[in-house]
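Colleague: Next up, entry-v8.txt (compact mmCIF, C-alpha atoms and all ligand atoms).
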```txt
# COMPACT_ATOMS: atom_id res chain seq x y z
CA MET A 1 -59.15 -24.59 -13.33
CA THR A 2 -60.90 -24.31 -16.66
CA GLY A 3 -62.82 -21.59 -18.44
CA GLN A 4 -59.88 -20.24 -20.37
CA LEU A 5 -60.45 -22.19 -23.61
CA ASP A 6 -63.11 -21.42 -26.20
CA GLN A 7 -65.38 -24.07 -27.73
CA HIS A 8 -62.64 -24.97 -30.24
CA GLY A 9 -60.04 -25.55 -27.52
CA LYS A 10 -58.20 -22.31 -28.34
CA LEU A 11 -57.02 -20.07 -25.50
CA ARG A 12 -59.50 -17.25 -25.02
CA HIS A 13 -58.34 -16.08 -21.61
CA LEU A 14 -55.05 -16.83 -19.85
CA LEU A 15 -55.87 -17.43 -16.20
CA THR A 16 -53.47 -20.17 -15.13
CA LEU A 17 -50.86 -22.57 -16.48
CA ASP A 18 -52.47 -25.35 -14.42
CA GLY A 19 -53.73 -27.95 -16.87
CA LEU A 20 -52.09 -26.43 -19.94
CA PRO A 21 -50.04 -29.15 -21.63
CA ARG A 22 -46.61 -28.82 -23.21
CA GLU A 23 -48.32 -28.55 -26.63
CA SER A 24 -50.03 -25.33 -25.52
CA LEU A 25 -46.92 -23.80 -23.98
CA ILE A 26 -44.33 -24.52 -26.68
CA PRO A 27 -45.92 -22.41 -29.47
CA ILE A 28 -46.14 -19.43 -27.09
CA LEU A 29 -42.50 -19.87 -26.05
CA ASP A 30 -41.38 -20.25 -29.67
CA ARG A 31 -43.26 -17.14 -30.68
CA ALA A 32 -41.88 -15.27 -27.65
CA LYS A 33 -38.37 -16.18 -28.81
CA HIS A 34 -39.20 -14.53 -32.15
CA PHE A 35 -40.31 -11.35 -30.36
CA ALA A 36 -37.31 -11.51 -28.01
CA ASP A 37 -35.11 -11.15 -31.09
CA ASP A 38 -36.45 -7.60 -31.49
CA ASN A 39 -39.09 -8.45 -34.04
CA ASP A 40 -41.96 -5.98 -33.76
CA ASP A 41 -45.10 -6.07 -35.88
CA ARG A 42 -47.43 -3.18 -35.28
CA SER A 43 -50.05 -4.60 -37.64
CA ILE A 44 -50.83 -7.61 -35.42
CA LEU A 45 -53.03 -5.70 -32.94
CA ALA A 46 -53.65 -2.49 -34.86
CA GLY A 47 -57.09 -1.21 -33.90
CA THR A 48 -57.29 -3.39 -30.77
CA ALA A 49 -57.57 -1.71 -27.38
CA VAL A 50 -55.87 -3.37 -24.41
CA CYS A 51 -56.59 -2.17 -20.87
CA THR A 52 -54.38 -2.86 -17.85
CA LEU A 53 -56.48 -3.10 -14.71
CA PHE A 54 -54.30 -3.42 -11.62
CA PHE A 55 -55.79 -3.62 -8.15
CA GLU A 56 -52.33 -4.32 -6.69
CA PRO A 57 -49.00 -2.57 -7.27
CA SER A 58 -46.70 -3.68 -10.07
CA THR A 59 -43.69 -2.42 -11.98
CA ARG A 60 -42.53 -5.24 -14.28
CA THR A 61 -45.80 -6.91 -15.22
CA ARG A 62 -47.80 -3.79 -15.87
CA LEU A 63 -45.16 -1.90 -17.83
CA SER A 64 -44.09 -4.93 -19.85
CA PHE A 65 -47.70 -5.62 -20.85
CA GLN A 66 -47.98 -1.99 -21.94
CA ARG A 67 -44.74 -2.26 -23.88
CA ALA A 68 -45.79 -5.57 -25.42
CA ALA A 69 -49.15 -4.19 -26.55
CA GLN A 70 -47.46 -1.11 -28.05
CA ARG A 71 -44.96 -3.24 -29.98
CA LEU A 72 -47.92 -5.09 -31.52
CA GLY A 73 -49.65 -1.85 -32.49
CA ALA A 74 -52.47 -1.95 -29.93
CA ASP A 75 -54.03 1.09 -28.25
CA VAL A 76 -53.22 0.86 -24.56
CA LEU A 77 -55.38 2.13 -21.68
CA ASN A 78 -54.18 1.97 -18.07
CA LEU A 79 -56.53 2.12 -15.14
CA ASP A 80 -54.90 2.96 -11.82
CA ALA A 81 -57.25 1.55 -9.22
CA ALA A 82 -56.00 4.04 -6.61
CA THR A 83 -57.29 7.00 -8.64
CA SER A 84 -60.33 5.30 -10.19
CA SER A 85 -63.96 5.11 -9.15
CA THR A 86 -63.20 1.85 -7.35
CA THR A 87 -62.23 4.18 -4.49
CA LYS A 88 -65.91 5.23 -4.42
CA GLY A 89 -67.01 1.63 -4.07
CA GLU A 90 -67.36 0.56 -7.70
CA THR A 91 -66.71 -3.17 -7.96
CA ALA A 92 -64.04 -4.74 -10.11
CA ARG A 93 -66.78 -6.35 -12.20
CA ASP A 94 -68.57 -3.04 -12.82
CA THR A 95 -65.22 -1.46 -13.64
CA LEU A 96 -64.48 -4.09 -16.27
CA LYS A 97 -68.01 -3.91 -17.74
CA THR A 98 -67.77 -0.11 -17.90
CA ILE A 99 -64.50 -0.18 -19.82
CA GLU A 100 -65.75 -3.03 -21.98
CA ALA A 101 -68.71 -0.82 -22.95
CA MET A 102 -66.16 1.62 -24.38
CA GLY A 103 -65.12 -1.03 -26.91
CA VAL A 104 -62.17 -2.53 -25.06
CA ARG A 105 -61.86 -6.26 -25.70
CA ALA A 106 -58.70 -7.17 -23.80
CA PHE A 107 -57.98 -6.80 -20.10
CA VAL A 108 -54.78 -7.50 -18.20
CA VAL A 109 -55.81 -7.82 -14.56
CA ARG A 110 -53.97 -8.11 -11.24
CA HIS A 111 -55.97 -8.63 -8.08
CA HIS A 112 -55.15 -9.53 -4.49
CA GLU A 113 -57.93 -12.14 -4.22
CA ASP A 114 -57.53 -15.71 -5.43
CA GLY A 115 -59.95 -16.34 -8.27
CA ALA A 116 -60.89 -12.69 -8.77
CA VAL A 117 -59.46 -12.58 -12.29
CA ALA A 118 -61.27 -15.78 -13.29
CA ALA A 119 -64.52 -14.25 -11.99
CA LEU A 120 -63.94 -11.20 -14.21
CA ALA A 121 -63.28 -13.49 -17.18
CA GLN A 122 -66.66 -15.11 -16.55
CA ALA A 123 -68.33 -11.71 -16.55
CA ALA A 124 -66.73 -10.69 -19.84
CA GLU A 125 -68.65 -10.66 -23.12
CA ASN A 126 -67.92 -13.17 -25.87
CA GLY A 127 -65.02 -11.76 -27.79
CA THR A 128 -63.38 -10.22 -24.73
CA SER A 129 -60.16 -11.76 -23.37
CA VAL A 130 -58.87 -11.50 -19.82
CA ILE A 131 -55.25 -12.18 -18.88
CA ASN A 132 -54.28 -12.91 -15.30
CA ALA A 133 -51.39 -10.66 -14.28
CA GLY A 134 -51.35 -12.25 -10.83
CA ASP A 135 -54.22 -13.15 -8.48
CA GLY A 136 -53.72 -13.72 -4.77
CA ARG A 137 -51.37 -16.61 -4.25
CA SER A 138 -52.94 -18.63 -7.10
CA ALA A 139 -51.30 -17.90 -10.41
CA HIS A 140 -49.05 -15.58 -12.38
CA PRO A 141 -49.05 -17.37 -15.71
CA THR A 142 -47.04 -14.89 -17.78
CA GLN A 143 -44.32 -14.91 -15.11
CA GLY A 144 -44.25 -18.71 -15.38
CA LEU A 145 -43.92 -18.46 -19.16
CA LEU A 146 -41.19 -15.83 -19.09
CA ASP A 147 -39.26 -17.90 -16.58
CA MET A 148 -39.50 -20.90 -18.92
CA LEU A 149 -38.33 -18.83 -21.89
CA THR A 150 -35.35 -17.63 -19.84
CA LEU A 151 -34.50 -21.17 -18.76
CA ARG A 152 -34.79 -22.43 -22.34
CA GLN A 153 -32.46 -19.75 -23.64
CA ALA A 154 -29.89 -20.58 -20.96
CA LYS A 155 -30.17 -24.37 -20.85
CA GLY A 156 -31.73 -25.50 -24.11
CA HIS A 157 -35.15 -26.87 -24.92
CA ASP A 158 -34.77 -30.28 -23.27
CA PHE A 159 -35.61 -29.82 -19.59
CA SER A 160 -35.44 -33.56 -18.81
CA LYS A 161 -31.85 -33.42 -17.56
CA LEU A 162 -32.32 -30.24 -15.53
CA THR A 163 -32.45 -29.96 -11.77
CA VAL A 164 -34.29 -26.80 -10.78
CA LEU A 165 -34.55 -25.44 -7.24
CA ILE A 166 -37.27 -23.04 -6.09
CA VAL A 167 -36.44 -21.43 -2.75
CA GLY A 168 -38.30 -19.13 -0.40
CA ASP A 169 -41.88 -18.31 0.50
CA VAL A 170 -43.56 -20.91 -1.69
CA MET A 171 -46.74 -20.92 0.38
CA HIS A 172 -47.76 -17.39 -0.61
CA SER A 173 -46.18 -17.33 -4.06
CA ARG A 174 -48.27 -17.29 -7.23
CA VAL A 175 -45.00 -17.21 -9.15
CA ALA A 176 -43.92 -20.52 -7.59
CA ARG A 177 -47.24 -22.14 -8.47
CA SER A 178 -47.09 -21.05 -12.10
CA ASP A 179 -43.42 -22.04 -12.37
CA LEU A 180 -44.22 -25.47 -10.93
CA HIS A 181 -47.06 -25.99 -13.42
CA ALA A 182 -44.83 -24.98 -16.32
CA LEU A 183 -41.79 -26.99 -15.18
CA ARG A 184 -43.91 -30.12 -14.87
CA ALA A 185 -45.58 -29.56 -18.26
CA LEU A 186 -42.17 -29.10 -19.90
CA GLY A 187 -40.77 -32.24 -18.27
CA ALA A 188 -38.15 -30.83 -15.88
CA GLY A 189 -35.94 -33.71 -14.68
CA GLU A 190 -35.93 -32.87 -10.97
CA ILE A 191 -37.73 -30.09 -9.15
CA ARG A 192 -36.55 -29.24 -5.64
CA VAL A 193 -38.43 -26.89 -3.37
CA CYS A 194 -36.87 -25.36 -0.28
CA GLY A 195 -37.94 -22.91 2.41
CA PRO A 196 -38.78 -22.69 6.09
CA ARG A 197 -41.44 -25.28 6.92
CA SER A 198 -43.77 -22.41 7.92
CA LEU A 199 -43.62 -21.14 4.31
CA LEU A 200 -44.05 -24.45 2.47
CA PRO A 201 -47.56 -25.59 1.51
CA ASP A 202 -48.46 -29.14 2.49
CA ASP A 203 -51.01 -29.71 -0.25
CA ALA A 204 -50.84 -30.86 -3.87
CA THR A 205 -48.79 -27.79 -4.85
CA LEU A 206 -45.53 -29.63 -4.27
CA GLU A 207 -46.55 -33.01 -5.72
CA GLY A 208 -43.60 -34.74 -7.34
CA CYS A 209 -41.06 -32.26 -5.91
CA ILE A 210 -38.19 -33.00 -3.56
CA VAL A 211 -39.02 -30.83 -0.54
CA THR A 212 -36.55 -29.74 2.14
CA ASP A 213 -35.85 -26.93 4.57
CA ASP A 214 -32.08 -27.35 4.20
CA PHE A 215 -31.00 -24.77 1.61
CA ASP A 216 -27.34 -25.84 1.51
CA ALA A 217 -28.25 -29.45 0.75
CA ALA A 218 -30.90 -28.38 -1.76
CA LEU A 219 -28.35 -26.39 -3.76
CA ASP A 220 -26.03 -29.35 -4.39
CA GLY A 221 -25.64 -29.84 -8.13
CA VAL A 222 -28.60 -27.75 -9.29
CA ASP A 223 -28.74 -26.18 -12.77
CA ALA A 224 -31.04 -23.31 -11.86
CA VAL A 225 -31.99 -21.56 -8.63
CA MET A 226 -35.27 -19.65 -8.68
CA VAL A 227 -35.27 -17.36 -5.64
CA LEU A 228 -38.61 -16.03 -4.41
CA ARG A 229 -39.26 -12.70 -2.75
CA LEU A 230 -39.71 -12.87 1.00
CA GLN A 231 -43.06 -11.22 1.58
CA ARG A 232 -42.13 -9.14 4.61
CA GLU A 233 -45.66 -9.10 5.97
CA ARG A 234 -45.11 -12.81 6.77
CA MET A 235 -42.92 -11.73 9.66
CA GLU A 236 -45.88 -9.92 11.17
CA GLU A 237 -47.82 -13.17 10.89
CA GLY A 238 -45.08 -14.90 12.88
CA LEU A 239 -44.13 -17.20 9.99
CA VAL A 240 -40.54 -15.91 9.88
CA ALA A 241 -38.57 -15.04 13.02
CA SER A 242 -36.49 -12.16 11.63
CA LEU A 243 -34.88 -10.93 8.43
CA ASP A 244 -31.47 -11.85 9.85
CA ASP A 245 -32.55 -15.41 10.54
CA TYR A 246 -34.09 -15.68 7.10
CA ARG A 247 -30.95 -14.39 5.42
CA ARG A 248 -28.76 -16.78 7.41
CA ASP A 249 -30.84 -19.83 6.47
CA TYR A 250 -32.29 -18.95 3.05
CA GLY A 251 -30.31 -16.05 1.63
CA LEU A 252 -28.46 -16.84 -1.60
CA SER A 253 -24.88 -15.72 -1.02
CA GLU A 254 -21.87 -16.13 -3.27
CA THR A 255 -20.51 -18.85 -1.00
CA ARG A 256 -23.75 -20.77 -1.01
CA LEU A 257 -24.11 -20.53 -4.77
CA ARG A 258 -20.84 -22.48 -5.14
CA ARG A 259 -22.74 -25.61 -4.08
CA ALA A 260 -24.77 -25.42 -7.31
CA ASN A 261 -23.30 -26.53 -10.65
CA PRO A 262 -20.64 -24.08 -11.87
CA ASP A 263 -22.84 -23.07 -14.79
CA ALA A 264 -26.02 -22.81 -12.71
CA VAL A 265 -28.23 -19.81 -13.41
CA VAL A 266 -29.92 -17.61 -10.82
CA MET A 267 -33.42 -16.25 -11.33
CA HIS A 268 -35.72 -14.01 -9.29
CA PRO A 269 -39.11 -12.68 -10.42
CA GLY A 270 -38.57 -9.33 -8.71
CA PRO A 271 -38.97 -7.14 -6.84
CA MET A 272 -35.93 -8.28 -4.82
CA ASN A 273 -35.16 -7.78 -1.15
CA ARG A 274 -31.43 -7.35 -1.64
CA GLY A 275 -29.46 -8.56 1.35
CA VAL A 276 -32.35 -10.73 2.51
CA GLU A 277 -33.18 -13.54 0.05
CA ILE A 278 -30.35 -12.66 -2.34
CA ASP A 279 -27.02 -10.87 -1.97
CA ASP A 280 -26.02 -8.03 -4.30
CA VAL A 281 -23.03 -9.92 -5.61
CA VAL A 282 -25.30 -12.78 -6.72
CA ALA A 283 -28.14 -10.62 -8.04
CA ASP A 284 -25.69 -8.62 -10.15
CA GLY A 285 -23.29 -11.48 -10.84
CA ALA A 286 -22.41 -13.40 -13.99
CA GLN A 287 -24.84 -16.24 -13.23
CA SER A 288 -27.82 -13.93 -12.73
CA LEU A 289 -30.54 -13.87 -15.40
CA ILE A 290 -32.75 -11.45 -13.50
CA LEU A 291 -32.71 -8.63 -16.06
CA LYS A 292 -32.99 -11.19 -18.86
CA GLN A 293 -36.22 -12.31 -17.20
CA VAL A 294 -37.47 -8.73 -17.32
CA ALA A 295 -36.61 -8.40 -21.01
CA ASN A 296 -38.27 -11.73 -21.75
CA GLY A 297 -41.38 -10.52 -19.97
CA VAL A 298 -42.10 -8.17 -22.85
CA ALA A 299 -41.56 -10.90 -25.46
CA VAL A 300 -43.71 -13.45 -23.66
CA ARG A 301 -46.51 -10.93 -23.17
CA MET A 302 -46.38 -10.08 -26.86
CA ALA A 303 -46.78 -13.77 -27.66
CA VAL A 304 -49.68 -14.13 -25.22
CA LEU A 305 -51.47 -11.02 -26.52
CA GLU A 306 -51.05 -12.26 -30.08
CA ALA A 307 -52.27 -15.77 -29.24
CA LEU A 308 -55.42 -14.47 -27.54
CA LEU A 309 -56.28 -11.42 -29.59
CA SER A 310 -55.10 -11.78 -33.17
CA GLY A 311 -57.24 -13.42 -35.79
N1 LIG B 1 -42.59 -10.21 -11.00
C1 LIG B 1 -43.61 -9.32 -10.86
O1 LIG B 1 -44.77 -9.68 -10.95
O2 LIG B 1 -43.21 -8.04 -10.62
P1 LIG B 1 -44.19 -6.79 -10.44
O3 LIG B 1 -44.95 -7.00 -9.16
O4 LIG B 1 -43.30 -5.61 -10.41
O5 LIG B 1 -45.13 -6.79 -11.62
```
What does the file become when written as C-alpha cells?
Modeller:
Amino acid sequence: MTGQLDQHGKLRHLLTLDGLPRESLIPILDRAKHFADDNDDRSILAGTAVCTLFFEPSTRTRLSFQRAAQRLGADVLNLDAATSSTTKGETARDTLKTIEAMGVRAFVVRHHEDGAVAALAQAAENGTSVINAGDGRSAHPTQGLLDMLTLRQAKGHDFSKLTVLIVGDVMHSRVARSDLHALRALGAGEIRVCGPRSLLPDDATLEGCIVTDDFDAALDGVDAVMVLRLQRERMEEGLVASLDDYRRDYGLSETRLRRANPDAVVMHPGPMNRGVEIDDVVADGAQSLILKQVANGVAVRMAVLEALLSG
C-alpha cells in the first residue's frame, strides 16, 4: 500500500508498515528509545492539535496516543464515536472533514473496516496527517513498532540471530501483519507462525515464515513468543471448537514455555484472555514484557507524532 509518503519521500501519514524499509523504521525506533528514557519536550508539538477518532474500542492505543501527544505539548481532542454525530448517520469522512475545518491537522484513527483509515487519509487536506491506530485485520503499525522497540531493548539491535514465534489467531490479526512486516524489514533470523489451521491465512501474509499448527514443536528454542489475543467471536464462526480446546492446544503455560530458550521473552499486544491464550503465571512472570510493551507504546507514538507533525 502506498499513499503515506509525501512528494519528497517523507512520511506524511502512517497507514501500514508494509513496504517501509529498515531505513525508515530505525530512526523512529531510535527516537522512541530517547522518549522511552523519560525525555519529554513540550515544545515539539506546541500549538498542534491532535484528534483521536476511534470507531472501535481501545484502551492502550487510544490512551497512549493521548499521553504521547501531551508529552510533546500538543492539544489533544478525543472523539468518542459512540456519543458523536456518527450515531445520527454522519460518515467517518464527514466527521474527519468537520474536525479538520476546526483547524485540526492530525488524526489518529481506528476503524473496523480494512482500508477505512487509508480512505480518510486520501480525503484529508494537504498538511493533514492521518495515523492508523488499527483498521480491520489489515494493519496496526504503531503496535508493530512498539513490539520492535521492546524486542530491541530485550535482545539487542541485531535481529539476524533471533527466532521469533507468533502464535494464535493470525488470520484476523492486524497486529500479526504489522509485526511480520517489521520483523522482515529488520531482518529477523527465523520467523515461526503457529495456530489452528482454521486461523492461519494461506496467502502472502506468511511468506518466508515457518508455519505449523504444533505449538509445542514451534516453541523449541525460540527467543521470543508473541502471543495473539483469541478473538472470541471466532468461536461463533465455528473456527475454534471451544475455549478449553484452544487453551489445551495453543495456551502458553509455564510448562510449555520451558521449551523456548531459557531467556526467551513473552509478548502480548493486549487485551489478554487470561487462562485462554496465556496463563496468569506466564503473563505476570519474569519473562513477560507485556507491561513494557504498554510503556513503549507511549514512546513509539511520541516518535511517530514527531516524525509526521514536527517541522
Ligand atoms: N493492543 C491494542 O491495540 O490494544 P487496545 O485495543 O486496547 O488499543
Colleague: Have a look at atom CA of A:Val211 and atom CA of A:Leu20 and let me know their distance in Å, one decimal.
Modeller: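 Here the two named atoms are 23.8 Å from each other.
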Colleague: May I have the residues within 9 Å of A:Leu96 as a list in words, using all atoms listed in the file and disregarding those fewer than 4 positions away in the same chain?
Modeller: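 That gives Leu53, Thr91, Ala92, Glu100, Ala101, Phe107, Leu120, Ala123 and Ala124 of chain A.
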Colleague: Restricting the output to C-alpha atoms, write the selected residues as a JSON list (two decimals), keeping the file's coordinate frame.
Modeller:
```json
[["chain", "number", "residue", "atom", "x", "y", "z"],
["A", 53, "LEU", "CA", -56.48, -3.10, -14.71],
["A", 91, "THR", "CA", -66.71, -3.17, -7.96],
["A", 92, "ALA", "CA", -64.04, -4.74, -10.11],
["A", 100, "GLU", "CA", -65.75, -3.03, -21.98],
["A", 101, "ALA", "CA", -68.71, -0.82, -22.95],
["A", 107, "PHE", "CA", -57.98, -6.80, -20.10],
["A", 120, "LEU", "CA", -63.94, -11.20, -14.21],
["A", 123, "ALA", "CA", -68.33, -11.71, -16.55],
["A", 124, "ALA", "CA", -66.73, -10.69, -19.84]]
```
Colleague: Do you know which residues are at most 9 Å from A:Ala176 counting all atoms listed in the file, after dropping those on the same chain fewer than 2 positions away, and could you put them as a tab-separated table (two decimals) with C-alpha atoms, keeping the file's coordinate frame?
Modeller:
```tsv
chain	number	residue	atom	x	y	z
A	139	ALA	CA	-51.30	-17.90	-10.41
A	140	HIS	CA	-49.05	-15.58	-12.38
A	144	GLY	CA	-44.25	-18.71	-15.38
A	166	ILE	CA	-37.27	-23.04	-6.09
A	167	VAL	CA	-36.44	-21.43	-2.75
A	169	ASP	CA	-41.88	-18.31	0.50
A	170	VAL	CA	-43.56	-20.91	-1.69
A	171	MET	CA	-46.74	-20.92	0.38
A	172	HIS	CA	-47.76	-17.39	-0.61
A	173	SER	CA	-46.18	-17.33	-4.06
A	174	ARG	CA	-48.27	-17.29	-7.23
A	178	SER	CA	-47.09	-21.05	-12.10
A	179	ASP	CA	-43.42	-22.04	-12.37
A	180	LEU	CA	-44.22	-25.47	-10.93
A	181	HIS	CA	-47.06	-25.99	-13.42
A	226	MET	CA	-35.27	-19.65	-8.68
A	228	LEU	CA	-38.61	-16.03	-4.41
```
Colleague: From the list A:Leu5, A:Asn39, A:Val294, A:Ala264, which residue is nearest A:Ala154 when using all atoms listed in the file?
Modeller: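 Ranked by minimum distance to A:Ala154, first place goes to A:Ala264.
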Colleague: Select the residues contacting ligand LIG 1 (chain B) at a distance of at most 12 Å, based on all atoms listed in the file, then format the selection as JSON, numbers by chain.
Modeller: {"A": [52, 54, 55, 56, 57, 58, 59, 60, 61, 62, 63, 64, 65, 66, 108, 109, 110, 111, 112, 132, 133, 134, 135, 136, 137, 139, 140, 141, 142, 143, 144, 145, 146, 147, 173, 174, 175, 176, 178, 179, 227, 228, 229, 231, 267, 268, 269, 270, 271, 272, 290, 291, 293, 294, 295, 296, 297, 298]}
Colleague: Distance atom CA of A:Leu151-atom CA of A:Leu219, one decimal place?
Modeller: 17.0 Å
